[in-house]
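Listing of start-v2.cif; format and content: mmCIF, C-alpha atoms (C1' of nucleotides).
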data_structure
#
loop_
_atom_site.label_atom_id
_atom_site.label_comp_id
_atom_site.auth_asym_id
_atom_site.auth_seq_id
_atom_site.Cartn_x
_atom_site.Cartn_y
_atom_site.Cartn_z
CA MET G 30 81.75 -59.40 -39.93
CA ALA G 31 81.97 -59.89 -43.65
CA THR G 32 82.79 -63.58 -43.67
CA ALA G 33 81.96 -66.19 -46.24
CA ALA G 34 83.41 -69.59 -47.00
CA ARG G 35 86.34 -69.25 -49.41
CA THR G 36 88.16 -72.08 -51.00
CA ALA G 37 91.48 -72.30 -49.24
CA GLN G 38 94.21 -69.83 -49.92
CA ASP G 39 93.10 -66.48 -48.77
CA GLY G 40 90.60 -64.83 -46.51
CA PRO G 41 89.28 -66.27 -43.29
CA LEU G 42 89.18 -69.95 -42.59
CA THR G 43 86.20 -71.90 -43.71
CA ASP G 44 84.07 -73.48 -41.03
CA LEU G 45 85.63 -76.77 -41.93
CA GLU G 46 89.16 -75.49 -41.56
CA LEU G 47 88.24 -73.78 -38.36
CA GLY G 48 86.78 -76.93 -36.94
CA ALA G 49 89.79 -79.00 -37.80
CA TRP G 50 92.23 -76.47 -36.43
CA ARG G 51 90.52 -75.19 -33.33
CA GLY G 52 89.41 -78.67 -32.49
CA LEU G 53 93.00 -79.71 -32.23
CA LEU G 54 93.76 -76.87 -29.86
CA ARG G 55 90.77 -77.45 -27.65
CA VAL G 56 91.04 -81.18 -27.47
CA HIS G 57 94.71 -80.98 -26.67
CA ALA G 58 94.21 -78.40 -23.95
CA ARG G 59 91.47 -80.33 -22.23
CA LEU G 60 93.07 -83.72 -22.54
CA VAL G 61 96.38 -82.62 -21.14
CA LYS G 62 94.76 -80.82 -18.26
CA ALA G 63 92.51 -83.74 -17.43
CA LEU G 64 95.25 -86.33 -17.70
CA ASP G 65 97.64 -84.32 -15.60
CA ALA G 66 95.05 -83.78 -12.90
CA ASN G 67 94.15 -87.43 -12.96
CA LEU G 68 97.71 -88.63 -12.62
CA GLU G 69 98.51 -86.11 -9.95
CA ALA G 70 95.47 -87.07 -7.93
CA ALA G 71 96.05 -90.78 -8.18
CA HIS G 72 99.81 -90.94 -7.81
CA GLY G 73 101.09 -87.48 -7.00
CA LEU G 74 102.93 -87.53 -10.28
CA PRO G 75 102.79 -84.65 -12.76
CA LEU G 76 102.34 -85.63 -16.36
CA SER G 77 105.73 -84.20 -17.22
CA GLN G 78 107.41 -86.54 -14.75
CA TYR G 79 105.41 -89.48 -15.96
CA ASP G 80 106.61 -88.76 -19.47
CA VAL G 81 110.18 -88.76 -18.30
CA LEU G 82 109.75 -92.06 -16.51
CA VAL G 83 108.21 -93.66 -19.57
CA GLN G 84 111.02 -92.52 -21.80
CA VAL G 85 113.78 -93.58 -19.46
CA ALA G 86 112.17 -96.93 -18.69
CA GLY G 87 111.95 -97.65 -22.38
CA ALA G 88 115.56 -96.84 -23.10
CA PRO G 89 118.32 -99.45 -23.15
CA GLY G 90 119.74 -99.89 -19.65
CA GLU G 91 116.86 -97.83 -18.29
CA ARG G 92 118.92 -94.71 -18.64
CA MET G 93 119.05 -91.87 -21.11
CA ARG G 94 121.27 -88.99 -22.02
CA MET G 95 119.87 -85.65 -21.02
CA CYS G 96 119.66 -84.27 -24.51
CA GLU G 97 117.81 -87.24 -25.92
CA LEU G 98 115.46 -87.08 -23.02
CA ALA G 99 114.83 -83.41 -23.61
CA ASP G 100 113.88 -84.13 -27.20
CA GLY G 101 111.73 -87.04 -26.14
CA VAL G 102 109.64 -85.09 -23.69
CA LEU G 103 109.48 -81.92 -25.75
CA LEU G 104 111.34 -79.76 -23.27
CA SER G 105 114.23 -77.36 -23.44
CA ARG G 106 117.52 -78.52 -21.99
CA SER G 107 117.39 -76.20 -19.07
CA GLY G 108 113.84 -77.24 -18.39
CA LEU G 109 114.88 -80.86 -18.42
CA THR G 110 117.84 -80.25 -16.13
CA ARG G 111 115.50 -78.90 -13.52
CA LEU G 112 112.83 -81.50 -14.04
CA VAL G 113 115.37 -84.27 -13.58
CA ASP G 114 116.73 -82.47 -10.54
CA ARG G 115 113.31 -82.49 -8.94
CA MET G 116 112.80 -86.13 -9.76
CA ALA G 117 116.20 -87.05 -8.42
CA LYS G 118 115.40 -85.24 -5.21
CA ASP G 119 112.28 -87.40 -4.97
CA GLY G 120 114.32 -90.51 -5.65
CA LEU G 121 112.70 -91.36 -8.97
CA LEU G 122 115.86 -90.91 -10.98
CA SER G 123 119.54 -90.76 -10.32
CA ARG G 124 122.19 -89.03 -12.32
CA CYS G 125 125.14 -91.01 -13.58
CA ALA G 126 128.23 -89.83 -15.34
CA CYS G 127 128.75 -90.93 -18.92
CA GLU G 128 131.91 -92.96 -19.38
CA ASP G 129 132.31 -92.27 -23.08
CA ASP G 130 131.76 -88.54 -22.92
CA ALA G 131 132.74 -86.64 -19.82
CA ARG G 132 130.47 -83.77 -20.77
CA GLY G 133 127.39 -85.90 -20.78
CA SER G 134 125.35 -87.42 -18.04
CA PHE G 135 122.64 -90.01 -17.84
CA ALA G 136 119.33 -89.89 -16.12
CA CYS G 137 118.93 -93.40 -14.67
CA LEU G 138 115.74 -94.99 -13.49
CA THR G 139 115.88 -95.94 -9.82
CA PRO G 140 113.90 -98.82 -8.36
CA ALA G 141 111.59 -96.27 -6.79
CA GLY G 142 111.10 -94.61 -10.14
CA LYS G 143 110.35 -97.92 -11.76
CA ALA G 144 107.86 -98.78 -9.05
CA ARG G 145 106.18 -95.42 -9.37
CA LEU G 146 105.89 -95.83 -13.09
CA ASP G 147 104.40 -99.29 -12.73
CA GLU G 148 101.76 -97.90 -10.45
CA ALA G 149 100.96 -94.94 -12.63
CA ARG G 150 101.06 -96.51 -16.04
CA SER G 151 97.80 -98.36 -15.93
CA THR G 152 96.03 -95.35 -14.47
CA HIS G 153 97.32 -93.16 -17.22
CA LEU G 154 96.75 -95.53 -20.10
CA ALA G 155 93.23 -96.19 -18.91
CA ALA G 156 92.59 -92.46 -18.87
CA VAL G 157 94.05 -91.95 -22.32
CA ARG G 158 91.83 -94.70 -23.60
CA GLU G 159 88.77 -93.46 -21.87
CA LEU G 160 89.10 -89.80 -22.75
CA PHE G 161 90.54 -90.14 -26.19
CA LEU G 162 91.17 -93.45 -27.87
CA SER G 163 87.87 -95.06 -27.01
CA GLU G 164 86.00 -92.48 -29.03
CA PHE G 165 87.45 -93.77 -32.26
CA THR G 166 87.12 -96.82 -34.41
CA GLU G 167 90.17 -98.69 -35.51
CA ASP G 168 89.92 -97.10 -38.93
CA GLU G 169 89.75 -93.68 -37.47
CA LEU G 170 92.81 -94.32 -35.36
CA THR G 171 94.63 -95.45 -38.45
CA CYS G 172 93.54 -92.32 -40.22
CA LEU G 173 94.65 -90.11 -37.37
CA ALA G 174 98.02 -91.76 -37.00
CA GLY G 175 98.56 -91.38 -40.71
CA LEU G 176 97.65 -87.73 -40.66
CA TRP G 177 100.11 -87.01 -37.85
CA GLU G 178 102.85 -88.77 -39.74
CA ARG G 179 102.15 -86.58 -42.68
CA VAL G 180 101.97 -83.26 -40.85
CA LEU G 181 104.87 -83.75 -38.49
CA PRO G 182 107.67 -82.98 -40.93
CA SER G 183 105.77 -79.94 -42.14
CA CYS G 184 105.91 -78.20 -38.77
CA ALA G 185 109.59 -77.87 -37.98
CA GLY G 186 112.61 -80.10 -38.15
CA LEU G 187 113.99 -81.40 -34.91
CA ASP G 188 112.29 -84.54 -33.83
CA VAL G 189 112.29 -88.30 -33.66
CA CYS G 190 109.71 -90.59 -32.21
CA ALA G 191 110.12 -92.91 -29.27
CA GLY G 192 108.30 -95.99 -28.16
CA ASP G 193 106.08 -96.34 -25.13
CA MET B 5 110.49 -104.85 -22.20
CA ALA B 6 107.78 -107.44 -22.51
CA THR B 7 105.46 -105.59 -24.85
CA ALA B 8 103.11 -106.93 -27.46
CA ALA B 9 100.14 -105.46 -29.27
CA ARG B 10 96.99 -106.09 -27.26
CA THR B 11 93.51 -105.31 -28.38
CA ALA B 12 92.42 -102.24 -26.49
CA GLN B 13 91.56 -102.37 -22.86
CA ASP B 14 94.60 -103.34 -20.95
CA GLY B 15 98.32 -103.47 -21.22
CA PRO B 16 100.47 -101.07 -23.19
CA LEU B 17 99.15 -99.12 -26.12
CA THR B 18 99.27 -100.71 -29.52
CA ASP B 19 101.45 -99.04 -32.09
CA LEU B 20 98.33 -97.69 -33.66
CA GLU B 21 97.08 -96.17 -30.44
CA LEU B 22 100.49 -94.81 -29.71
CA GLY B 23 100.73 -93.17 -33.08
CA ALA B 24 97.33 -91.55 -32.79
CA TRP B 25 97.98 -90.29 -29.29
CA ARG B 26 101.58 -89.21 -29.38
CA GLY B 27 101.07 -87.74 -32.78
CA LEU B 28 98.55 -85.37 -31.33
CA LEU B 29 100.98 -84.27 -28.64
CA ARG B 30 103.89 -83.79 -30.98
CA VAL B 31 102.00 -82.06 -33.71
CA HIS B 32 100.40 -79.72 -31.25
CA ALA B 33 103.68 -78.86 -29.57
CA ARG B 34 105.46 -78.10 -32.80
CA LEU B 35 102.65 -76.22 -34.42
CA VAL B 36 102.07 -73.95 -31.49
CA LYS B 37 105.74 -73.22 -31.12
CA ALA B 38 106.19 -72.53 -34.81
CA LEU B 39 103.09 -70.38 -35.10
CA ASP B 40 103.97 -68.38 -32.04
CA ALA B 41 107.50 -67.76 -33.24
CA ASN B 42 106.21 -66.79 -36.65
CA LEU B 43 103.68 -64.32 -35.34
CA GLU B 44 106.13 -62.86 -32.88
CA ALA B 45 108.76 -62.40 -35.54
CA ALA B 46 106.43 -60.82 -38.07
CA HIS B 47 104.31 -58.64 -35.83
CA GLY B 48 105.75 -58.75 -32.32
CA LEU B 49 102.55 -60.38 -31.20
CA PRO B 50 102.48 -63.51 -29.05
CA LEU B 51 100.00 -66.15 -30.10
CA SER B 52 98.11 -65.72 -26.84
CA GLN B 53 97.51 -62.07 -27.62
CA TYR B 54 96.52 -62.83 -31.17
CA ASP B 55 93.95 -65.27 -29.85
CA VAL B 56 92.50 -62.61 -27.61
CA LEU B 57 92.29 -60.12 -30.45
CA VAL B 58 90.52 -62.64 -32.67
CA GLN B 59 87.98 -63.46 -30.02
CA VAL B 60 87.25 -59.87 -29.10
CA ALA B 61 87.07 -58.73 -32.70
CA GLY B 62 84.55 -61.44 -33.42
CA ALA B 63 82.31 -60.56 -30.53
CA PRO B 64 79.33 -58.20 -30.84
CA GLY B 65 80.44 -54.65 -30.25
CA GLU B 66 84.04 -55.78 -30.47
CA ARG B 67 84.11 -56.28 -26.75
CA MET B 68 83.87 -59.26 -24.46
CA ARG B 69 83.34 -60.02 -20.82
CA MET B 70 86.44 -61.25 -19.11
CA CYS B 71 85.06 -64.63 -18.16
CA GLU B 72 83.85 -65.44 -21.64
CA LEU B 73 87.18 -64.39 -22.99
CA ALA B 74 88.99 -66.60 -20.52
CA ASP B 75 86.96 -69.59 -21.70
CA GLY B 76 87.51 -68.65 -25.29
CA VAL B 77 91.26 -68.51 -25.08
CA LEU B 78 91.63 -71.47 -22.71
CA LEU B 79 93.10 -69.47 -19.87
CA SER B 80 92.40 -69.14 -16.19
CA ARG B 81 90.76 -65.95 -15.03
CA SER B 82 93.81 -64.67 -13.31
CA GLY B 83 95.87 -65.46 -16.35
CA LEU B 84 93.46 -63.55 -18.51
CA THR B 85 93.40 -60.55 -16.19
CA ARG B 86 97.11 -60.17 -16.59
CA LEU B 87 97.14 -60.86 -20.29
CA VAL B 88 94.53 -58.17 -20.86
CA ASP B 89 96.50 -55.84 -18.60
CA ARG B 90 99.55 -56.28 -20.77
CA MET B 91 97.57 -55.73 -23.93
CA ALA B 92 95.90 -52.65 -22.49
CA LYS B 93 99.30 -51.25 -21.61
CA ASP B 94 100.27 -51.75 -25.24
CA GLY B 95 97.10 -50.05 -26.37
CA LEU B 96 95.58 -53.09 -28.06
CA LEU B 97 92.62 -53.30 -25.73
CA SER B 98 90.88 -51.04 -23.29
CA ARG B 99 88.86 -51.99 -20.28
CA CYS B 100 85.32 -50.77 -19.97
CA ALA B 101 82.91 -51.10 -17.12
CA CYS B 102 79.82 -53.17 -17.67
CA GLU B 103 76.63 -51.18 -17.29
CA ASP B 104 74.39 -54.11 -16.51
CA ASP B 105 76.62 -55.74 -13.94
CA ALA B 106 78.90 -53.61 -11.88
CA ARG B 107 81.06 -56.59 -11.02
CA GLY B 108 81.93 -57.27 -14.61
CA SER B 109 84.14 -55.55 -17.07
CA PHE B 110 84.63 -55.69 -20.78
CA ALA B 111 87.78 -56.02 -22.76
CA CYS B 112 87.22 -53.71 -25.72
CA LEU B 113 89.12 -53.70 -28.97
CA THR B 114 90.88 -50.41 -29.62
CA PRO B 115 91.57 -49.08 -33.10
CA ALA B 116 95.21 -49.98 -32.55
CA GLY B 117 94.22 -53.50 -31.59
CA LYS B 118 92.04 -53.81 -34.65
CA ALA B 119 94.83 -52.57 -36.86
CA ARG B 120 97.29 -54.97 -35.31
CA LEU B 121 94.93 -57.85 -35.82
CA ASP B 122 94.36 -56.91 -39.43
CA GLU B 123 98.09 -56.96 -40.01
CA ALA B 124 98.62 -60.23 -38.23
CA ARG B 125 95.66 -62.22 -39.38
CA SER B 126 96.80 -62.99 -42.87
CA THR B 127 100.27 -63.92 -41.63
CA HIS B 128 98.82 -66.29 -39.12
CA LEU B 129 96.20 -67.87 -41.32
CA ALA B 130 98.75 -68.41 -44.04
CA ALA B 131 100.98 -70.17 -41.54
CA VAL B 132 98.17 -72.34 -40.22
CA ARG B 133 97.35 -73.32 -43.76
CA GLU B 134 100.91 -73.98 -44.72
CA LEU B 135 101.93 -75.93 -41.66
CA PHE B 136 98.73 -77.77 -41.00
CA LEU B 137 95.67 -77.46 -43.18
CA SER B 138 97.41 -77.76 -46.50
CA GLU B 139 98.53 -81.27 -45.66
CA PHE B 140 94.98 -82.56 -45.76
CA THR B 141 92.33 -83.19 -48.32
CA GLU B 142 88.87 -81.80 -47.85
CA ASP B 143 87.66 -85.22 -46.78
CA GLU B 144 90.36 -85.51 -44.21
CA LEU B 145 89.52 -82.13 -42.80
CA THR B 146 85.93 -83.19 -42.53
CA CYS B 147 87.01 -86.33 -40.77
CA LEU B 148 89.22 -84.45 -38.36
CA ALA B 149 86.61 -81.85 -37.51
CA GLY B 150 84.14 -84.64 -36.87
CA LEU B 151 86.53 -86.47 -34.61
CA TRP B 152 87.15 -83.37 -32.52
CA GLU B 153 83.45 -82.80 -32.15
CA ARG B 154 83.10 -86.29 -30.89
CA VAL B 155 85.97 -86.27 -28.42
CA LEU B 156 85.48 -82.82 -26.97
CA PRO B 157 82.64 -83.64 -24.61
CA SER B 158 84.50 -86.70 -23.43
CA CYS B 159 87.38 -84.69 -21.99
CA ALA B 160 85.77 -82.39 -19.47
CA GLY B 161 82.71 -80.17 -19.40
CA LEU B 162 83.28 -76.46 -19.61
CA ASP B 163 83.50 -75.32 -23.14
CA VAL B 164 81.81 -73.65 -26.04
CA CYS B 165 83.17 -72.84 -29.44
CA ALA B 166 83.63 -69.42 -30.96
CA GLY B 167 83.95 -68.27 -34.52
CA ASP B 168 86.95 -66.76 -36.16
"C1'" DT Z 21 65.20 -54.73 4.12
"C1'" DT Z 22 68.56 -57.73 5.03
"C1'" DC Z 23 70.90 -61.91 5.07
"C1'" DG Z 24 73.14 -65.85 2.51
"C1'" DG Z 25 75.11 -67.83 -1.27
"C1'" DG Z 26 76.86 -67.38 -5.83
"C1'" DT Z 27 79.54 -64.95 -9.50
"C1'" DA Z 28 83.14 -61.49 -11.73
"C1'" DG Z 29 87.35 -59.99 -11.44
"C1'" DT Z 30 91.89 -58.89 -9.16
"C1'" DT Z 31 95.90 -59.73 -6.37
"C1'" DG Z 32 99.50 -62.50 -3.67
"C1'" DT Z 33 102.28 -66.27 -4.26
"C1'" DG Z 34 104.78 -70.07 -6.16
"C1'" DC Z 35 106.01 -73.07 -9.88
"C1'" DT Z 36 107.64 -74.26 -14.42
"C1'" DA Z 37 109.52 -73.19 -18.57
"C1'" DG Z 38 112.53 -70.72 -21.89
"C1'" DC Z 39 116.55 -67.85 -23.31
"C1'" DA Z 40 121.10 -66.44 -22.90
"C1'" DA Z 41 125.41 -66.90 -20.84
"C1'" DC Z 42 128.69 -69.90 -18.96
"C1'" DT Z 43 131.79 -74.17 -18.03
"C1'" DA Z 44 133.72 -78.21 -19.45
"C1'" DT Z 45 134.67 -81.44 -22.74
"C1'" DA Z 46 135.03 -83.30 -27.49
"C1'" DT Z 47 136.57 -83.00 -32.17
"C1'" DC Z 48 138.81 -81.45 -36.07
"C1'" DA Z 49 142.42 -78.75 -38.80
"C1'" DG Z 50 146.93 -77.73 -39.30
"C1'" DC C 1 150.29 -80.57 -29.78
"C1'" DT C 2 147.58 -76.41 -30.29
"C1'" DG C 3 143.99 -73.60 -31.26
"C1'" DA C 4 139.08 -73.12 -33.30
"C1'" DT C 5 134.65 -74.69 -33.24
"C1'" DA C 6 130.90 -77.47 -31.69
"C1'" DT C 7 128.30 -79.99 -28.20
"C1'" DA C 8 126.37 -81.40 -23.26
"C1'" DG C 9 124.78 -79.68 -19.49
"C1'" DT C 10 124.02 -76.12 -15.80
"C1'" DT C 11 122.86 -71.65 -13.95
"C1'" DG C 12 120.95 -66.66 -13.69
"C1'" DC C 13 117.27 -64.41 -14.97
"C1'" DT C 14 112.59 -63.42 -16.45
"C1'" DA C 15 107.92 -64.28 -18.31
"C1'" DG C 16 103.59 -66.42 -18.00
"C1'" DC C 17 100.37 -69.20 -15.83
"C1'" DA C 18 97.51 -71.47 -12.05
"C1'" DC C 19 95.63 -71.73 -7.42
"C1'" DA C 20 93.82 -69.67 -3.52
"C1'" DA C 21 92.31 -65.82 -1.06
"C1'" DC C 22 90.11 -61.61 -1.38
"C1'" DT C 23 86.79 -57.68 -2.74
"C1'" DA C 24 82.78 -56.18 -4.76
"C1'" DC C 25 78.58 -57.04 -6.46
"C1'" DC C 26 74.18 -59.64 -7.88
"C1'" DC C 27 70.07 -62.14 -6.70
"C1'" DG C 28 66.75 -64.81 -4.23
"C1'" DA C 29 64.40 -65.81 0.30
"C1'" DA C 30 62.38 -64.46 4.54
#
As structure tokens - that is how I would like this structure written.
Amino acid sequence: MATAARTAQDGPLTDLELGAWRGLLRVHARLVKALDANLEAAHGLPLSQYDVLVQVAGAPGERMRMCELADGVLLSRSGLTRLVDRMAKDGLLSRCACEDDARGSFACLTPAGKARLDEARSTHLAAVRELFLSEFTEDELTCLAGLWERVLPSCAGLDVCAGD
Amino acid sequence: MATAARTAQDGPLTDLELGAWRGLLRVHARLVKALDANLEAAHGLPLSQYDVLVQVAGAPGERMRMCELADGVLLSRSGLTRLVDRMAKDGLLSRCACEDDARGSFACLTPAGKARLDEARSTHLAAVRELFLSEFTEDELTCLAGLWERVLPSCAGLDVCAGD
DNA sequence: TTCGGGTAGTTGTGCTAGCAACTATATCAG
DNA sequence: CTGATATAGTTGCTAGCACAACTACCCGAA
């Protein structure tokens, strides 16, 4: 292996670059796996469904159009259709027609879905804090958040952010 | 929605926490998707296969035990078995018996695999730099790498790091 | 030597996600 | 109003992954 630290344009990644890049991949993989397992164990709720509940609960009228929801939870439309189907079958969501646009439909939070979210939220937030946020100082969090803001547009061009 | 910024132990996430956490999720999702599409378009190589090639090429003898490889590429053992199968069918890897341990087997880099990696590496590294690394100063990279180091053990307990 | 427990890897199975094709509706041009 | 194009959502199909069960083997103890 003929490797040596170059500046930053050609050749292999420097150790620093490697650390910053691979760290992201590893931390993400582990966090998501741990959080999903945690949520599933405590409330029988996959992380993907929790995400949907959070998004819908935060939307006006506690309902959201399918396409917005798909963007919000980083899923394809077909993937979302089926995810919402599963959740509707479990009573966490219901589907409602859209009055303004007959093509569209809403995913609406049911009381059961709301209750489930209320149960799960504190579990999940506690886990996020414990596994991730608690490791950082306030300054570091600020730094991180700023970095994400900066990189996001660089990646691709489809997104918006949503609240908790 | 009765939400207000709390300190950091209870209640909903502060905007700062939210930004740091969701940013990670979004940036990761977009980067991986973009990098995979890029690599696939340029060299017909999925990111998962590229990862395997990098790991194996960096290992002594250009071969690796299946279980180490599985850890290295963040995949389950069964997932890795099938991924290596596919790559072997494409001629990128070959499977070799392990002399010391008859249970084990090696995934060995073939000349074709090496060639493919050589083609793809610069494409991929350029993309990683363009989409991610280039957005940061050296100091920020140092900060990031340090943060990952710190969080990693907090998540779960299985990993080691590997070089490029 | 032989038995028991642990480890490496593969295979059966099921789930989740994406892509492409399709339907139905909206919207805009003329 | 009519036809062309775009958008929302669903469905058919397939790929990739994880879990659990299984086989084969290693290693330590008696």
> What does the distance from CA of Ala46 (chain B) to CA of Met70 (chain B) come to in Å, to one decimal?
Replying inline: 27.6 Å
Closest contacts (chain C/chain G, max 9 Å, only C-alpha atoms (C1' of nucleotides)) as a tab-separated table:
residue	atom	partner	partner_atom	distance
C:DT7	C1'	G:Arg132	CA	8.6
C:DA8	C1'	G:Gly133	CA	5.2
C:DG9	C1'	G:Gly133	CA	6.9
C:DT10	C1'	G:Ser107	CA	7.4
C:DT11	C1'	G:Ser107	CA	8.8
Could the residues in this selection be written to a file with C-alpha atoms (C1' of nucleotides), as a tab-separated table (two decimals), in the coordinates of the input?
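Dumped to selection_10.tsv:
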chain	number	residue	atom	x	y	z
C	7	DT	C1'	128.30	-79.99	-28.20
C	8	DA	C1'	126.37	-81.40	-23.26
C	9	DG	C1'	124.78	-79.68	-19.49
C	10	DT	C1'	124.02	-76.12	-15.80
C	11	DT	C1'	122.86	-71.65	-13.95
> Within 8 Å of region 73-80 of chain G, counting all atoms listed in the file, which residues qualify if same-chain residues fewer than 6 places away don't, as a list in words?
Replying inline: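 Contacts, with the query itself left out: Leu64, Asp65, Ala66, Val102, Leu112, Met116, Leu146 and Ala149 of chain G.
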Write the residues of the preceding selection, restricted to C-alpha atoms, as a PDB file, keeping the file's coordinate frame.
ATOM      1  CA  LEU G  64      95.250 -86.330 -17.700  1.00  0.00           C
ATOM      2  CA  ASP G  65      97.640 -84.320 -15.600  1.00  0.00           C
ATOM      3  CA  ALA G  66      95.050 -83.780 -12.900  1.00  0.00           C
ATOM      4  CA  VAL G 102     109.640 -85.090 -23.690  1.00  0.00           C
ATOM      5  CA  LEU G 112     112.830 -81.500 -14.040  1.00  0.00           C
ATOM      6  CA  MET G 116     112.800 -86.130  -9.760  1.00  0.00           C
ATOM      7  CA  LEU G 146     105.890 -95.830 -13.090  1.00  0.00           C
ATOM      8  CA  ALA G 149     100.960 -94.940 -12.630  1.00  0.00           C
TER       9      ALA G 149
END
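Proximity to chain G was assessed for Z:DG32, Z:DG25, Z:DG38, Z:DG50 counting only C-alpha atoms (C1' of nucleotides); the smallest distance is recorded for Z:DG38.
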Sort by chain and increasing residue number a table of all residues of chain B within 8 Å of chain G, each with its closest pair of atoms and their distance in Å to one decimal, counting all atoms listed in the file, and write it as JSON lines.
{"residue": "B:Met5", "atom": "CA", "partner": "G:Gly87", "partner_atom": "CA", "distance": 7.3}
{"residue": "B:Gln13", "atom": "CA", "partner": "G:Ala155", "partner_atom": "CA", "distance": 7.5}
{"residue": "B:Asp14", "atom": "CA", "partner": "G:Ala155", "partner_atom": "CA", "distance": 7.6}
{"residue": "B:Gly15", "atom": "CA", "partner": "G:Ser151", "partner_atom": "CA", "distance": 7.4}
{"residue": "B:Pro16", "atom": "CA", "partner": "G:Leu154", "partner_atom": "CA", "distance": 7.4}
{"residue": "B:Leu17", "atom": "CA", "partner": "G:Leu154", "partner_atom": "CA", "distance": 7.4}
{"residue": "B:Leu20", "atom": "CA", "partner": "G:Thr171", "partner_atom": "CA", "distance": 6.5}
{"residue": "B:Glu21", "atom": "CA", "partner": "G:Leu170", "partner_atom": "CA", "distance": 6.8}
{"residue": "B:Leu22", "atom": "CA", "partner": "G:Asp193", "partner_atom": "CA", "distance": 7.4}
{"residue": "B:Gly23", "atom": "CA", "partner": "G:Ala174", "partner_atom": "CA", "distance": 5.0}
{"residue": "B:Ala24", "atom": "CA", "partner": "G:Ala174", "partner_atom": "CA", "distance": 4.3}
{"residue": "B:Trp25", "atom": "CA", "partner": "G:Leu162", "partner_atom": "CA", "distance": 7.6}
{"residue": "B:Gly27", "atom": "CA", "partner": "G:Trp177", "partner_atom": "CA", "distance": 5.2}
{"residue": "B:Leu28", "atom": "CA", "partner": "G:Trp177", "partner_atom": "CA", "distance": 6.9}
{"residue": "B:Leu29", "atom": "CA", "partner": "G:His57", "partner_atom": "CA", "distance": 7.3}
{"residue": "B:Arg30", "atom": "CA", "partner": "G:Leu181", "partner_atom": "CA", "distance": 7.6}
{"residue": "B:Val31", "atom": "CA", "partner": "G:Leu181", "partner_atom": "CA", "distance": 5.8}
{"residue": "B:His32", "atom": "CA", "partner": "G:Leu54", "partner_atom": "CA", "distance": 7.4}
{"residue": "B:Ala33", "atom": "CA", "partner": "G:Leu103", "partner_atom": "CA", "distance": 7.6}
{"residue": "B:Arg34", "atom": "CA", "partner": "G:Cys184", "partner_atom": "CA", "distance": 6.0}
{"residue": "B:Leu35", "atom": "CA", "partner": "G:Cys184", "partner_atom": "CA", "distance": 5.8}
{"residue": "B:Ala38", "atom": "CA", "partner": "G:Cys184", "partner_atom": "CA", "distance": 6.9}
{"residue": "B:Gly62", "atom": "CA", "partner": "G:Met30", "partner_atom": "CA", "distance": 7.4}
{"residue": "B:Leu78", "atom": "CA", "partner": "G:Ala58", "partner_atom": "CA", "distance": 7.5}
{"residue": "B:Ser126", "atom": "CA", "partner": "G:Gly40", "partner_atom": "CA", "distance": 7.4}
{"residue": "B:Leu129", "atom": "CA", "partner": "G:Pro41", "partner_atom": "CA", "distance": 7.4}
{"residue": "B:Ala130", "atom": "CA", "partner": "G:Gln38", "partner_atom": "CA", "distance": 7.6}
{"residue": "B:Arg133", "atom": "CA", "partner": "G:Gln38", "partner_atom": "CA", "distance": 7.7}
{"residue": "B:Leu135", "atom": "CA", "partner": "G:Cys184", "partner_atom": "CA", "distance": 5.4}
{"residue": "B:Phe136", "atom": "CA", "partner": "G:Val180", "partner_atom": "CA", "distance": 6.4}
{"residue": "B:Leu137", "atom": "CA", "partner": "G:Glu46", "partner_atom": "CA", "distance": 7.0}
{"residue": "B:Glu139", "atom": "CA", "partner": "G:Val180", "partner_atom": "CA", "distance": 6.2}
{"residue": "B:Phe140", "atom": "CA", "partner": "G:Leu176", "partner_atom": "CA", "distance": 7.7}
{"residue": "B:Leu145", "atom": "CA", "partner": "G:Ala49", "partner_atom": "CA", "distance": 5.9}
{"residue": "B:Thr146", "atom": "CA", "partner": "G:Leu45", "partner_atom": "CA", "distance": 6.5}
{"residue": "B:Leu148", "atom": "CA", "partner": "G:Ala49", "partner_atom": "CA", "distance": 5.5}
{"residue": "B:Ala149", "atom": "CA", "partner": "G:Ala49", "partner_atom": "CA", "distance": 4.3}
{"residue": "B:Leu151", "atom": "CA", "partner": "G:Phe165", "partner_atom": "CA", "distance": 7.7}
{"residue": "B:Trp152", "atom": "CA", "partner": "G:Gly52", "partner_atom": "CA", "distance": 5.2}
{"residue": "B:Glu153", "atom": "CA", "partner": "G:Gly52", "partner_atom": "CA", "distance": 7.3}
{"residue": "B:Arg154", "atom": "CA", "partner": "G:Glu164", "partner_atom": "CA", "distance": 7.1}
{"residue": "B:Val155", "atom": "CA", "partner": "G:Glu164", "partner_atom": "CA", "distance": 6.2}
{"residue": "B:Leu156", "atom": "CA", "partner": "G:Val56", "partner_atom": "CA", "distance": 5.8}
{"residue": "B:Ser158", "atom": "CA", "partner": "G:Leu160", "partner_atom": "CA", "distance": 5.6}
{"residue": "B:Cys159", "atom": "CA", "partner": "G:Leu160", "partner_atom": "CA", "distance": 5.4}
{"residue": "B:Ala160", "atom": "CA", "partner": "G:Arg59", "partner_atom": "CA", "distance": 6.7}
{"residue": "B:Gly167", "atom": "CA", "partner": "G:Leu47", "partner_atom": "CA", "distance": 8.0}
{"residue": "B:Asp168", "atom": "CA", "partner": "G:Leu47", "partner_atom": "CA", "distance": 7.5}
> Which residues match the PyMOL selection byres ((chain Z) within 9 of (chain B)) in the file above, as a PyMOL selection string?
Replying inline: chain Z and resi 27-31
>> Just to confirm, what's the straight-line distance from CA of Arg120 (chain B) to C1' of DC39 (chain Z) in Å (one decimal)?
In response: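 Going from CA of Arg120 (chain B) over to C1' of DC39 (chain Z) covers 26.1 Å.
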